[in-house]
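> Got a structure for you, query-v1.pdb, holding PDB, C-alpha atoms and all ligand atoms.
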ATOM      1  CA  MET A   1      91.093 -10.253  65.876
ATOM      2  CA  SER A   2      92.846  -7.441  67.744
ATOM      3  CA  GLU A   3      92.582  -4.881  70.618
ATOM      4  CA  GLY A   4      92.937  -7.357  73.460
ATOM      5  CA  GLU A   5      90.314  -9.537  74.976
ATOM      6  CA  ASP A   6      87.538  -7.207  76.153
ATOM      7  CA  ILE A   7      86.528  -5.649  72.866
ATOM      8  CA  LEU A   8      87.548  -7.263  69.600
ATOM      9  CA  TYR A   9      88.138  -5.555  66.268
ATOM     10  CA  GLU A  10      88.190  -7.477  63.038
ATOM     11  CA  VAL A  11      87.886  -6.637  59.355
ATOM     12  CA  LYS A  12      86.207  -9.070  56.946
ATOM     13  CA  GLY A  13      86.078  -7.742  53.399
ATOM     14  CA  LYS A  14      84.263  -4.420  53.550
ATOM     15  CA  THR A  15      82.948  -4.968  57.070
ATOM     16  CA  ALA A  16      84.588  -3.814  60.295
ATOM     17  CA  ILE A  17      83.333  -5.905  63.221
ATOM     18  CA  ILE A  18      83.444  -4.631  66.792
ATOM     19  CA  THR A  19      82.602  -7.321  69.368
ATOM     20  CA  LEU A  20      81.953  -6.851  73.082
ATOM     21  CA  ASN A  21      83.645  -9.831  74.685
ATOM     22  CA  LEU A  22      82.945  -9.622  78.410
ATOM     23  CA  ASP A  23      80.120 -12.132  78.538
ATOM     24  CA  LYS A  24      80.780 -13.146  82.167
ATOM     25  CA  LYS A  25      79.823  -9.571  83.172
ATOM     26  CA  LEU A  26      77.009  -9.476  80.599
ATOM     27  CA  ASN A  27      79.176  -7.086  78.542
ATOM     28  CA  ALA A  28      78.925  -4.283  81.104
ATOM     29  CA  LEU A  29      81.627  -1.756  80.232
ATOM     30  CA  ASN A  30      83.710   0.443  82.498
ATOM     31  CA  GLY A  31      84.848   3.928  81.481
ATOM     32  CA  PRO A  32      88.066   2.888  79.685
ATOM     33  CA  GLN A  33      86.118   0.160  77.845
ATOM     34  CA  TYR A  34      83.527   2.685  76.571
ATOM     35  CA  GLN A  35      86.497   4.797  75.516
ATOM     36  CA  LEU A  36      88.057   1.853  73.661
ATOM     37  CA  LEU A  37      84.731   1.077  71.985
ATOM     38  CA  THR A  38      84.558   4.676  70.776
ATOM     39  CA  GLU A  39      88.150   4.607  69.518
ATOM     40  CA  LEU A  40      87.427   1.415  67.580
ATOM     41  CA  LEU A  41      84.332   2.938  66.021
ATOM     42  CA  GLN A  42      86.446   5.879  64.942
ATOM     43  CA  ARG A  43      88.985   3.456  63.450
ATOM     44  CA  ALA A  44      86.253   1.797  61.383
ATOM     45  CA  ASP A  45      85.092   5.222  60.233
ATOM     46  CA  GLU A  46      88.579   6.139  59.078
ATOM     47  CA  ASP A  47      89.179   2.853  57.230
ATOM     48  CA  GLU A  48      88.667   3.758  53.578
ATOM     49  CA  ASP A  49      87.623   0.249  52.574
ATOM     50  CA  THR A  50      84.930  -0.136  55.234
ATOM     51  CA  VAL A  51      81.333   0.120  54.041
ATOM     52  CA  LEU A  52      79.646  -1.508  57.037
ATOM     53  CA  THR A  53      80.508  -1.353  60.727
ATOM     54  CA  LEU A  54      78.884  -4.175  62.650
ATOM     55  CA  PHE A  55      78.553  -3.766  66.425
ATOM     56  CA  GLN A  56      77.953  -7.167  68.029
ATOM     57  CA  SER A  57      78.391  -9.043  71.259
ATOM     58  CA  THR A  58      78.984 -12.374  72.972
ATOM     59  CA  GLY A  59      77.017 -14.509  75.424
ATOM     60  CA  ARG A  60      73.397 -13.960  76.532
ATOM     61  CA  PHE A  61      73.311 -10.134  76.888
ATOM     62  CA  PHE A  62      74.243  -7.523  74.327
ATOM     63  CA  SER A  63      75.373  -5.221  77.138
ATOM     64  CA  ALA A  64      74.321  -4.547  80.747
ATOM     65  CA  GLY A  65      75.426  -0.912  80.359
ATOM     66  CA  ALA A  66      77.987   0.783  82.553
ATOM     67  CA  ASN A  67      79.933  -1.423  84.929
ATOM     68  CA  ILE A  68      78.444  -0.575  88.307
ATOM     69  CA  SER A  69      81.585  -1.637  90.195
ATOM     70  CA  ASP A  70      83.749   0.808  88.199
ATOM     71  CA  LEU A  71      83.387   3.521  90.846
ATOM     72  CA  GLY A  72      85.624   1.509  93.161
ATOM     73  CA  ASN A  73      88.656   2.846  91.247
ATOM     74  CA  ALA A  74      88.090   6.525  92.066
ATOM     75  CA  GLU A  75      89.999   8.168  94.935
ATOM     76  CA  SER A  76      87.687   9.264  97.759
ATOM     77  CA  SER A  77      89.015  12.849  97.463
ATOM     78  CA  GLU A  78      87.900  13.113  93.838
ATOM     79  CA  ILE A  79      84.635  11.193  93.850
ATOM     80  CA  PHE A  80      82.583  14.377  94.404
ATOM     81  CA  SER A  81      84.721  16.732  92.287
ATOM     82  CA  TYR A  82      83.940  18.477  89.020
ATOM     83  CA  PRO A  83      87.361  17.712  87.414
ATOM     84  CA  TYR A  84      86.912  13.969  87.996
ATOM     85  CA  TRP A  85      83.404  13.761  86.561
ATOM     86  CA  LEU A  86      84.095  16.180  83.713
ATOM     87  CA  LYS A  87      86.823  13.793  82.569
ATOM     88  CA  ASN A  88      85.216  10.479  83.446
ATOM     89  CA  PHE A  89      81.604  11.235  82.643
ATOM     90  CA  THR A  90      80.769  14.433  80.759
ATOM     91  CA  GLY A  91      83.748  14.472  78.392
ATOM     92  CA  ARG A  92      83.602  10.782  77.602
ATOM     93  CA  ASN A  93      79.836  10.632  77.133
ATOM     94  CA  VAL A  94      79.687  13.664  74.847
ATOM     95  CA  TRP A  95      82.570  12.294  72.794
ATOM     96  CA  SER A  96      81.185   8.722  72.509
ATOM     97  CA  THR A  97      77.761  10.025  71.525
ATOM     98  CA  ASP A  98      79.280  12.306  68.916
ATOM     99  CA  VAL A  99      81.384   9.509  67.395
ATOM    100  CA  PHE A 100      78.388   7.149  67.187
ATOM    101  CA  MET A 101      76.128   9.890  65.823
ATOM    102  CA  ASN A 102      78.627  10.999  63.188
ATOM    103  CA  HIS A 103      79.757   7.589  61.978
ATOM    104  CA  LYS A 104      79.979   7.898  58.187
ATOM    105  CA  LYS A 105      79.710   4.221  57.292
ATOM    106  CA  VAL A 106      76.604   2.062  57.595
ATOM    107  CA  LEU A 107      76.368   1.316  61.319
ATOM    108  CA  ALA A 108      74.461  -1.834  62.259
ATOM    109  CA  CYS A 109      74.119  -3.746  65.490
ATOM    110  CA  ALA A 110      73.332  -7.390  66.097
ATOM    111  CA  LEU A 111      71.492  -7.685  69.407
ATOM    112  CA  ASN A 112      72.018 -11.192  70.764
ATOM    113  CA  GLY A 113      70.243 -10.261  74.006
ATOM    114  CA  PRO A 114      69.053  -7.388  76.229
ATOM    115  CA  VAL A 115      70.656  -3.959  76.214
ATOM    116  CA  ILE A 116      70.807  -1.545  79.155
ATOM    117  CA  GLY A 117      71.792   2.026  79.995
ATOM    118  CA  LEU A 118      74.436   3.868  78.011
ATOM    119  CA  SER A 119      74.825   0.873  75.695
ATOM    120  CA  ALA A 120      71.099   1.087  74.883
ATOM    121  CA  ALA A 121      71.554   4.759  74.030
ATOM    122  CA  LEU A 122      74.436   3.943  71.665
ATOM    123  CA  VAL A 123      72.374   1.202  70.005
ATOM    124  CA  CYS A 124      69.681   3.822  69.326
ATOM    125  CA  LEU A 125      72.271   5.683  67.223
ATOM    126  CA  CYS A 126      72.787   2.723  64.858
ATOM    127  CA  ASP A 127      71.260   2.836  61.375
ATOM    128  CA  LEU A 128      70.097  -0.772  61.413
ATOM    129  CA  ILE A 129      69.202  -3.044  64.309
ATOM    130  CA  TYR A 130      68.880  -6.853  64.212
ATOM    131  CA  VAL A 131      67.572  -8.990  67.072
ATOM    132  CA  ASN A 132      68.265 -12.681  67.591
ATOM    133  CA  ASP A 133      65.054 -13.450  69.529
ATOM    134  CA  GLU A 134      62.637 -10.660  70.468
ATOM    135  CA  GLU A 135      61.125 -12.831  73.211
ATOM    136  CA  LYS A 136      64.471 -12.845  75.024
ATOM    137  CA  PHE A 137      65.225  -9.201  74.273
ATOM    138  CA  TYR A 138      64.447  -5.986  76.151
ATOM    139  CA  LEU A 139      65.745  -2.453  76.279
ATOM    140  CA  LEU A 140      66.195  -0.952  79.741
ATOM    141  CA  ALA A 141      67.041   2.707  80.406
ATOM    142  CA  PRO A 142      67.244   2.635  84.223
ATOM    143  CA  PHE A 143      68.459   6.210  84.677
ATOM    144  CA  SER A 144      65.589   7.257  86.999
ATOM    145  CA  ASN A 145      66.347   4.270  89.213
ATOM    146  CA  LEU A 146      70.039   5.199  89.390
ATOM    147  CA  GLY A 147      69.586   8.885  90.235
ATOM    148  CA  LEU A 148      70.783   9.792  86.750
ATOM    149  CA  VAL A 149      69.206  11.271  83.645
ATOM    150  CA  ALA A 150      69.295   9.977  80.086
ATOM    151  CA  GLU A 151      72.703   9.547  78.450
ATOM    152  CA  GLY A 152      74.093   9.186  74.954
ATOM    153  CA  GLY A 153      71.415  11.398  73.406
ATOM    154  CA  ALA A 154      68.725   8.933  74.560
ATOM    155  CA  SER A 155      66.327  11.705  75.566
ATOM    156  CA  ALA A 156      66.071  12.494  71.840
ATOM    157  CA  SER A 157      66.864   9.189  70.118
ATOM    158  CA  MET A 158      64.451   7.086  72.187
ATOM    159  CA  PHE A 159      61.337   9.012  71.240
ATOM    160  CA  MET A 160      62.484   8.880  67.611
ATOM    161  CA  ARG A 161      62.959   5.115  67.696
ATOM    162  CA  LEU A 162      60.395   3.891  70.239
ATOM    163  CA  GLY A 163      57.676   6.539  69.873
ATOM    164  CA  TRP A 164      56.776   9.020  72.636
ATOM    165  CA  ALA A 165      54.610   6.625  74.688
ATOM    166  CA  LYS A 166      57.217   3.872  75.100
ATOM    167  CA  ALA A 167      60.127   6.342  75.395
ATOM    168  CA  SER A 168      58.267   7.939  78.314
ATOM    169  CA  GLU A 169      57.769   4.567  80.033
ATOM    170  CA  ALA A 170      61.415   3.715  79.431
ATOM    171  CA  LEU A 171      62.919   7.020  80.540
ATOM    172  CA  LEU A 172      60.527   8.337  83.185
ATOM    173  CA  PHE A 173      59.766   5.061  84.949
ATOM    174  CA  SER A 174      62.828   2.932  84.069
ATOM    175  CA  ARG A 175      60.523   0.265  82.628
ATOM    176  CA  PRO A 176      62.108  -2.391  80.428
ATOM    177  CA  ILE A 177      60.558  -2.339  76.974
ATOM    178  CA  PRO A 178      60.148  -5.934  75.730
ATOM    179  CA  GLY A 179      61.322  -7.000  72.283
ATOM    180  CA  THR A 180      57.777  -7.957  71.268
ATOM    181  CA  ILE A 181      56.645  -4.343  71.820
ATOM    182  CA  LEU A 182      59.763  -2.969  70.142
ATOM    183  CA  GLU A 183      58.974  -5.084  67.093
ATOM    184  CA  LYS A 184      55.532  -3.432  66.804
ATOM    185  CA  ASN A 185      57.147   0.015  67.135
ATOM    186  CA  GLY A 186      59.554  -0.677  64.291
ATOM    187  CA  PHE A 187      62.600  -0.449  66.576
ATOM    188  CA  PHE A 188      64.477  -3.209  64.778
ATOM    189  CA  ASN A 189      64.810  -4.293  61.168
ATOM    190  CA  LYS A 190      64.587  -8.041  61.522
ATOM    191  CA  SER A 191      64.306 -10.832  64.068
ATOM    192  CA  TYR A 192      66.079 -14.182  63.624
ATOM    193  CA  LYS A 193      63.885 -15.961  66.189
ATOM    194  CA  ASP A 194      62.653 -18.684  63.832
ATOM    195  CA  GLN A 195      66.215 -19.713  63.019
ATOM    196  CA  LYS A 196      67.066 -20.506  66.691
ATOM    197  CA  LEU A 197      70.684 -19.412  66.316
ATOM    198  CA  SER A 198      73.522 -19.353  68.844
ATOM    199  CA  THR A 199      75.011 -15.900  69.394
ATOM    200  CA  GLU A 200      77.961 -16.731  67.104
ATOM    201  CA  ALA A 201      75.733 -18.061  64.304
ATOM    202  CA  PHE A 202      73.397 -15.056  64.666
ATOM    203  CA  ASN A 203      76.286 -12.582  64.380
ATOM    204  CA  GLU A 204      77.581 -14.389  61.301
ATOM    205  CA  GLN A 205      74.136 -14.502  59.680
ATOM    206  CA  VAL A 206      73.527 -10.783  60.256
ATOM    207  CA  ARG A 207      76.877  -9.951  58.649
ATOM    208  CA  LYS A 208      76.172 -12.125  55.604
ATOM    209  CA  ASP A 209      72.654 -10.690  55.200
ATOM    210  CA  LEU A 210      73.937  -7.130  55.408
ATOM    211  CA  GLU A 211      76.798  -7.704  52.991
ATOM    212  CA  GLY A 212      74.253  -9.083  50.525
ATOM    213  CA  GLN A 213      72.320  -5.812  50.837
ATOM    214  CA  PHE A 214      75.108  -3.512  49.685
ATOM    215  CA  GLU A 215      77.458  -5.600  47.531
ATOM    216  CA  ASN A 216      76.293  -4.291  44.145
ATOM    217  CA  LEU A 217      75.500  -0.728  45.165
ATOM    218  CA  TYR A 218      77.514   2.438  44.576
ATOM    219  CA  TYR A 219      79.186   3.042  47.962
ATOM    220  CA  PRO A 220      79.625   6.856  47.830
ATOM    221  CA  SER A 221      75.860   7.176  47.306
ATOM    222  CA  ILE A 222      75.207   4.995  50.362
ATOM    223  CA  PHE A 223      77.357   7.315  52.488
ATOM    224  CA  GLU A 224      75.799  10.477  51.051
ATOM    225  CA  ASN A 225      72.314   9.100  51.642
ATOM    226  CA  LYS A 226      73.246   8.333  55.223
ATOM    227  CA  GLU A 227      74.427  11.913  55.656
ATOM    228  CA  LEU A 228      71.120  13.192  54.263
ATOM    229  CA  LEU A 229      69.062  10.809  56.370
ATOM    230  CA  LYS A 230      70.603  11.884  59.654
ATOM    231  CA  VAL A 231      70.981  15.613  59.097
ATOM    232  CA  ASN A 232      67.766  16.588  60.915
ATOM    233  CA  ARG A 233      68.180  13.938  63.585
ATOM    234  CA  ASP A 234      71.666  15.085  64.588
ATOM    235  CA  ALA A 235      70.724  18.576  65.748
ATOM    236  CA  GLN A 236      68.339  17.095  68.314
ATOM    237  CA  ILE A 237      70.743  14.359  69.440
ATOM    238  CA  SER A 238      73.588  16.851  69.874
ATOM    239  CA  ALA A 239      71.497  19.231  71.942
ATOM    240  CA  ALA A 240      70.186  16.330  74.055
ATOM    241  CA  SER A 241      73.641  14.862  74.623
ATOM    242  CA  SER A 242      75.139  18.107  75.822
ATOM    243  CA  ARG A 243      72.204  18.916  78.133
ATOM    244  CA  GLU A 244      72.077  15.354  79.542
ATOM    245  CA  SER A 245      75.821  15.387  80.252
ATOM    246  CA  VAL A 246      75.682  18.631  82.213
ATOM    247  CA  ILE A 247      72.702  17.516  84.326
ATOM    248  CA  GLY A 248      74.374  14.126  84.903
ATOM    249  CA  LEU A 249      77.607  15.878  85.941
ATOM    250  CA  ARG A 250      75.776  17.738  88.711
ATOM    251  CA  ARG A 251      74.267  14.470  89.937
ATOM    252  CA  TRP A 252      77.662  12.772  90.199
ATOM    253  CA  VAL A 253      79.209  15.751  92.008
ATOM    254  CA  ALA A 254      76.273  15.670  94.450
ATOM    255  CA  GLY A 255      76.966  11.943  95.029
ATOM    256  CA  ILE A 256      73.489  10.717  94.111
ATOM    257  CA  PRO A 257      74.276   8.021  91.498
ATOM    258  CA  GLN A 258      77.163   6.717  93.621
ATOM    259  CA  GLU A 259      74.690   6.011  96.429
ATOM    260  CA  ARG A 260      72.149   4.381  94.087
ATOM    261  CA  PHE A 261      74.839   2.256  92.365
ATOM    262  CA  MET A 262      75.982   1.009  95.754
ATOM    263  CA  LYS A 263      72.410   0.110  96.721
ATOM    264  CA  LEU A 264      72.024  -1.769  93.445
ATOM    265  CA  ALA A 265      75.295  -3.668  93.973
ATOM    266  CA  GLN A 266      74.161  -4.578  97.510
ATOM    267  CA  LYS A 267      70.748  -5.584  96.113
ATOM    268  CA  ASP A 268      68.909  -2.985  98.260
ATOM    269  CA  ILE A 269      67.285  -1.790  95.045
ATOM    270  CA  LYS A 270      66.853  -3.625  91.761
ATOM    271  CA  HIS A 271      65.713  -2.868  88.237
ATOM    272  CA  LYS A 272      62.169  -3.547  87.039
ATOM    273  CA  MET A 273      61.995  -6.699  84.957
TER     274      MET A 273
HETATM  275  N1  LIG A 301      78.144  -3.843  86.016
HETATM  276  C1  LIG A 301      78.979  -4.774  86.545
HETATM  277  N2  LIG A 301      78.690  -6.100  86.591
HETATM  278  C2  LIG A 301      77.504  -6.484  86.070
HETATM  279  C3  LIG A 301      76.595  -5.575  85.507
HETATM  280  C4  LIG A 301      76.964  -4.192  85.486
HETATM  281  N3  LIG A 301      76.174  -3.233  84.932
HETATM  282  N4  LIG A 301      75.505  -6.228  85.078
HETATM  283  C5  LIG A 301      75.731  -7.535  85.377
HETATM  284  N5  LIG A 301      76.932  -7.693  85.955
HETATM  285  C6  LIG A 301      77.552  -8.934  86.419
HETATM  286  C7  LIG A 301      76.954  -9.404  87.741
HETATM  287  O1  LIG A 301      77.572  -8.754  88.839
HETATM  288  C8  LIG A 301      77.243 -10.895  87.688
HETATM  289  O2  LIG A 301      78.615 -11.084  87.995
HETATM  290  P1  LIG A 301      79.061 -12.342  88.942
HETATM  291  O3  LIG A 301      78.654 -13.577  88.164
HETATM  292  O4  LIG A 301      80.532 -12.187  89.069
HETATM  293  O5  LIG A 301      78.294 -12.212  90.221
HETATM  294  C9  LIG A 301      77.079 -11.235  86.196
HETATM  295  O6  LIG A 301      77.238  -9.978  85.506
HETATM  296  C10 LIG A 301      75.709 -11.791  85.881
HETATM  297  O7  LIG A 301      74.741 -10.867  86.365
HETATM  298  P2  LIG A 301      73.451 -11.319  87.203
HETATM  299  O8  LIG A 301      73.770 -12.559  87.994
HETATM  300  O9  LIG A 301      72.956 -10.143  87.962
HETATM  301  O10 LIG A 301      72.442 -11.716  86.023
HETATM  302  P3  LIG A 301      70.862 -11.598  86.021
HETATM  303  O11 LIG A 301      70.399 -12.218  84.746
HETATM  304  O12 LIG A 301      70.290 -12.115  87.290
HETATM  305  O13 LIG A 301      70.535 -10.016  85.980
HETATM  306  C11 LIG A 301      70.742  -7.773  85.134
HETATM  307  C12 LIG A 301      70.914  -9.273  84.865
HETATM  308  C13 LIG A 301      69.276  -7.448  85.309
HETATM  309  C14 LIG A 301      71.316  -7.033  83.965
HETATM  310  C15 LIG A 301      71.475  -7.368  86.463
HETATM  311  O14 LIG A 301      72.791  -7.904  86.417
HETATM  312  C16 LIG A 301      71.579  -5.880  86.639
HETATM  313  O15 LIG A 301      70.647  -5.236  87.092
HETATM  314  N6  LIG A 301      72.752  -5.282  86.277
HETATM  315  C17 LIG A 301      72.974  -3.840  86.417
HETATM  316  C18 LIG A 301      72.592  -3.091  85.153
HETATM  317  C19 LIG A 301      72.843  -1.603  85.287
HETATM  318  O16 LIG A 301      72.306  -0.938  86.173
HETATM  319  N7  LIG A 301      73.671  -1.043  84.419
HETATM  320  C20 LIG A 301      73.989   0.368  84.434
HETATM  321  C21 LIG A 301      73.028   1.126  83.554
HETATM  322  S1  LIG A 301      73.216   2.868  83.622
HETATM  323  C22 LIG A 301      74.375   3.228  82.466
HETATM  324  O17 LIG A 301      74.727   2.439  81.648
HETATM  325  C23 LIG A 301      74.956   4.616  82.467
HETATM  326  C24 LIG A 301      75.644   4.917  83.773
HETATM  327  C25 LIG A 301      76.788   5.880  83.563
HETATM  328  C26 LIG A 301      77.952   5.524  84.427
HETATM  329  C27 LIG A 301      79.158   6.319  84.092
HETATM  330  C28 LIG A 301      80.283   5.945  85.074
HETATM  331  C29 LIG A 301      81.438   6.791  84.949
END
Kindly transcribe the structure held in the file into structure tokens.


Amino acid sequence: MSEGEDILYEVKGKTAIITLNLDKKLNALNGPQYQLLTELLQRADEDEDTVLTLFQSTGRFFSAGANISDLGNAESSEIFSYPYWLKNFTGRNVWSTDVFMNHKKVLACALNGPVIGLSAALVCLCDLIYVNDEEKFYLLAPFSNLGLVAEGGASASMFMRLGWAKASEALLFSRPIPGTILEKNGFFNKSYKDQKLSTEAFNEQVRKDLEGQFENLYYPSIFENKELLKVNRDAQISAASSRESVIGLRRWVAGIPQERFMKLAQKDIKHKM
């Protein structure tokens, strides 16, 4: 294992494993942690021997999205400025989305628990999605509740993966979409519910199952097929990501999400459950 404590990077055979390891904060990530996650994904992409990149987590949540206490680090003089948010929001979001979207290897995620916000958007860019227990899983895109708009290309990827009806509920009304509904919509490949696995055992089982899927195949064809599969998707994700990031930038400069994040932290507002 490497890359410190918060996000772990490990290579096992032909699999690069990236693990969110902040379970006490439900794997909510601050800006530098999203940046590190993106750098690690790029590292897996560049590793010639990697066939599969497995994005996994620890504890009871896959990720509670952006760390809502992260804003405390910004100077008061810069919190409403374009340079600050271009660097800490627009630039980072466009880059992370692009790296996830353009990952050349097979990109799979093992969802041990619910996923929220920007992390949910990044999950929607994975090729394959596995869920430990759909009854304990939901996807929440609470952008309307936070004074934000979709991020990470979610305004395009969510209707592709959830269907228009559920993507509208998720994005317009910030409604959590339960795992049982997501199963019907074909959002994930497989549930491990019947096996009643701990998070660690689930992650291990997903890796073994996936390695069994590609071990005797011709790897360059896998990568070329991935490229073909995503070619039409990418134009829409790219356009969405750039548009979302510019609208979001204006919101931050106007101070709207800051106010909503503070209300959430003080429990004056909460997310629908
Ligand atoms: N940020 C920071 N800490 C968090 C977060 C978060 N997003 N989510 C949970 N935690 C912490 C809690 O503060 C708590 O810590 P502590 O034990 O020290 O008090 C611990 O995790 C456990 O959380 P809860 O006790 O609240 O657990 P519950 O099961 O009761 O509730 C929820 C779980 C529903 C996930 C609840 O914690 C919650 O609503 N969290 C906020 C989720 C959220 O709004 N995330 C942001 C989504 S938007 C996004 O990702 C894009 C924003 C772009 C920002 C860009 C910034 C530059």

> Which of these residues is nearest to Arg43 of chain A, using only C-alpha atoms: A:Lys87, A:Lys230, A:Lys104, A:Lys184?

A:Lys104

> Would you kindly return, as JSON, numbers by chain, each protein, DNA or RNA residue with an atom no farther than 9 Å from any atom of segment 55-58 of chain A, considering all atoms listed in the file and excluding same-chain residues fewer than 6 positions away?

{"A": [7, 16, 17, 18, 19, 20, 21, 22, 23, 26, 27, 41, 107, 108, 109, 110, 111, 112, 113, 123, 126, 199, 200, 203]}

> Quick one: residues within 10 Å of Val131 of chain A, all atoms listed in the file counted, chain neighbours fewer than 4 positions away excluded, as a PDB file with C-alpha atoms, in the frame of the given file?


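Everything below was put into part.pdb:
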ATOM      1  CA  PHE A  62      74.243  -7.523  74.327  1.00  0.00           C
ATOM      2  CA  CYS A 109      74.119  -3.746  65.490  1.00  0.00           C
ATOM      3  CA  ALA A 110      73.332  -7.390  66.097  1.00  0.00           C
ATOM      4  CA  LEU A 111      71.492  -7.685  69.407  1.00  0.00           C
ATOM      5  CA  ASN A 112      72.018 -11.192  70.764  1.00  0.00           C
ATOM      6  CA  GLY A 113      70.243 -10.261  74.006  1.00  0.00           C
ATOM      7  CA  PRO A 114      69.053  -7.388  76.229  1.00  0.00           C
ATOM      8  CA  GLU A 135      61.125 -12.831  73.211  1.00  0.00           C
ATOM      9  CA  LYS A 136      64.471 -12.845  75.024  1.00  0.00           C
ATOM     10  CA  PHE A 137      65.225  -9.201  74.273  1.00  0.00           C
ATOM     11  CA  GLY A 179      61.322  -7.000  72.283  1.00  0.00           C
ATOM     12  CA  GLU A 183      58.974  -5.084  67.093  1.00  0.00           C
ATOM     13  CA  PHE A 187      62.600  -0.449  66.576  1.00  0.00           C
ATOM     14  CA  PHE A 188      64.477  -3.209  64.778  1.00  0.00           C
ATOM     15  CA  ASN A 189      64.810  -4.293  61.168  1.00  0.00           C
ATOM     16  CA  LYS A 190      64.587  -8.041  61.522  1.00  0.00           C
ATOM     17  CA  SER A 191      64.306 -10.832  64.068  1.00  0.00           C
ATOM     18  CA  TYR A 192      66.079 -14.182  63.624  1.00  0.00           C
ATOM     19  CA  LYS A 193      63.885 -15.961  66.189  1.00  0.00           C
ATOM     20  CA  PHE A 202      73.397 -15.056  64.666  1.00  0.00           C
ATOM     21  CA  ASN A 203      76.286 -12.582  64.380  1.00  0.00           C
ATOM     22  CA  VAL A 206      73.527 -10.783  60.256  1.00  0.00           C
TER      23      VAL A 206
END

> Expand the PyMOL selection byres (((not hetatm)) within 9 of (chain A and resi 301)) into the explicit residue set it covers here, and present it as a PDB file with C-alpha atoms, in the frame of the given file.


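So the final result, stored in result_32.pdb, reads:
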ATOM      1  CA  ASP A  23      80.120 -12.132  78.538  1.00  0.00           C
ATOM      2  CA  LYS A  24      80.780 -13.146  82.167  1.00  0.00           C
ATOM      3  CA  LYS A  25      79.823  -9.571  83.172  1.00  0.00           C
ATOM      4  CA  LEU A  26      77.009  -9.476  80.599  1.00  0.00           C
ATOM      5  CA  ASN A  27      79.176  -7.086  78.542  1.00  0.00           C
ATOM      6  CA  ALA A  28      78.925  -4.283  81.104  1.00  0.00           C
ATOM      7  CA  LEU A  29      81.627  -1.756  80.232  1.00  0.00           C
ATOM      8  CA  ASN A  30      83.710   0.443  82.498  1.00  0.00           C
ATOM      9  CA  GLY A  31      84.848   3.928  81.481  1.00  0.00           C
ATOM     10  CA  ARG A  60      73.397 -13.960  76.532  1.00  0.00           C
ATOM     11  CA  PHE A  61      73.311 -10.134  76.888  1.00  0.00           C
ATOM     12  CA  SER A  63      75.373  -5.221  77.138  1.00  0.00           C
ATOM     13  CA  ALA A  64      74.321  -4.547  80.747  1.00  0.00           C
ATOM     14  CA  GLY A  65      75.426  -0.912  80.359  1.00  0.00           C
ATOM     15  CA  ALA A  66      77.987   0.783  82.553  1.00  0.00           C
ATOM     16  CA  ASN A  67      79.933  -1.423  84.929  1.00  0.00           C
ATOM     17  CA  ILE A  68      78.444  -0.575  88.307  1.00  0.00           C
ATOM     18  CA  SER A  69      81.585  -1.637  90.195  1.00  0.00           C
ATOM     19  CA  ASP A  70      83.749   0.808  88.199  1.00  0.00           C
ATOM     20  CA  LEU A  71      83.387   3.521  90.846  1.00  0.00           C
ATOM     21  CA  TRP A  85      83.404  13.761  86.561  1.00  0.00           C
ATOM     22  CA  ASN A  88      85.216  10.479  83.446  1.00  0.00           C
ATOM     23  CA  PHE A  89      81.604  11.235  82.643  1.00  0.00           C
ATOM     24  CA  THR A  90      80.769  14.433  80.759  1.00  0.00           C
ATOM     25  CA  ARG A  92      83.602  10.782  77.602  1.00  0.00           C
ATOM     26  CA  ASN A  93      79.836  10.632  77.133  1.00  0.00           C
ATOM     27  CA  PRO A 114      69.053  -7.388  76.229  1.00  0.00           C
ATOM     28  CA  VAL A 115      70.656  -3.959  76.214  1.00  0.00           C
ATOM     29  CA  ILE A 116      70.807  -1.545  79.155  1.00  0.00           C
ATOM     30  CA  GLY A 117      71.792   2.026  79.995  1.00  0.00           C
ATOM     31  CA  LEU A 118      74.436   3.868  78.011  1.00  0.00           C
ATOM     32  CA  SER A 119      74.825   0.873  75.695  1.00  0.00           C
ATOM     33  CA  ALA A 120      71.099   1.087  74.883  1.00  0.00           C
ATOM     34  CA  ALA A 121      71.554   4.759  74.030  1.00  0.00           C
ATOM     35  CA  LEU A 140      66.195  -0.952  79.741  1.00  0.00           C
ATOM     36  CA  ALA A 141      67.041   2.707  80.406  1.00  0.00           C
ATOM     37  CA  PRO A 142      67.244   2.635  84.223  1.00  0.00           C
ATOM     38  CA  PHE A 143      68.459   6.210  84.677  1.00  0.00           C
ATOM     39  CA  ASN A 145      66.347   4.270  89.213  1.00  0.00           C
ATOM     40  CA  LEU A 146      70.039   5.199  89.390  1.00  0.00           C
ATOM     41  CA  LEU A 148      70.783   9.792  86.750  1.00  0.00           C
ATOM     42  CA  VAL A 149      69.206  11.271  83.645  1.00  0.00           C
ATOM     43  CA  ALA A 150      69.295   9.977  80.086  1.00  0.00           C
ATOM     44  CA  GLU A 151      72.703   9.547  78.450  1.00  0.00           C
ATOM     45  CA  GLY A 152      74.093   9.186  74.954  1.00  0.00           C
ATOM     46  CA  GLY A 248      74.374  14.126  84.903  1.00  0.00           C
ATOM     47  CA  TRP A 252      77.662  12.772  90.199  1.00  0.00           C
ATOM     48  CA  PRO A 257      74.276   8.021  91.498  1.00  0.00           C
ATOM     49  CA  PHE A 261      74.839   2.256  92.365  1.00  0.00           C
ATOM     50  CA  LEU A 264      72.024  -1.769  93.445  1.00  0.00           C
ATOM     51  CA  ALA A 265      75.295  -3.668  93.973  1.00  0.00           C
ATOM     52  CA  LYS A 270      66.853  -3.625  91.761  1.00  0.00           C
ATOM     53  CA  HIS A 271      65.713  -2.868  88.237  1.00  0.00           C
ATOM     54  CA  LYS A 272      62.169  -3.547  87.039  1.00  0.00           C
ATOM     55  CA  MET A 273      61.995  -6.699  84.957  1.00  0.00           C
TER      56      MET A 273
END
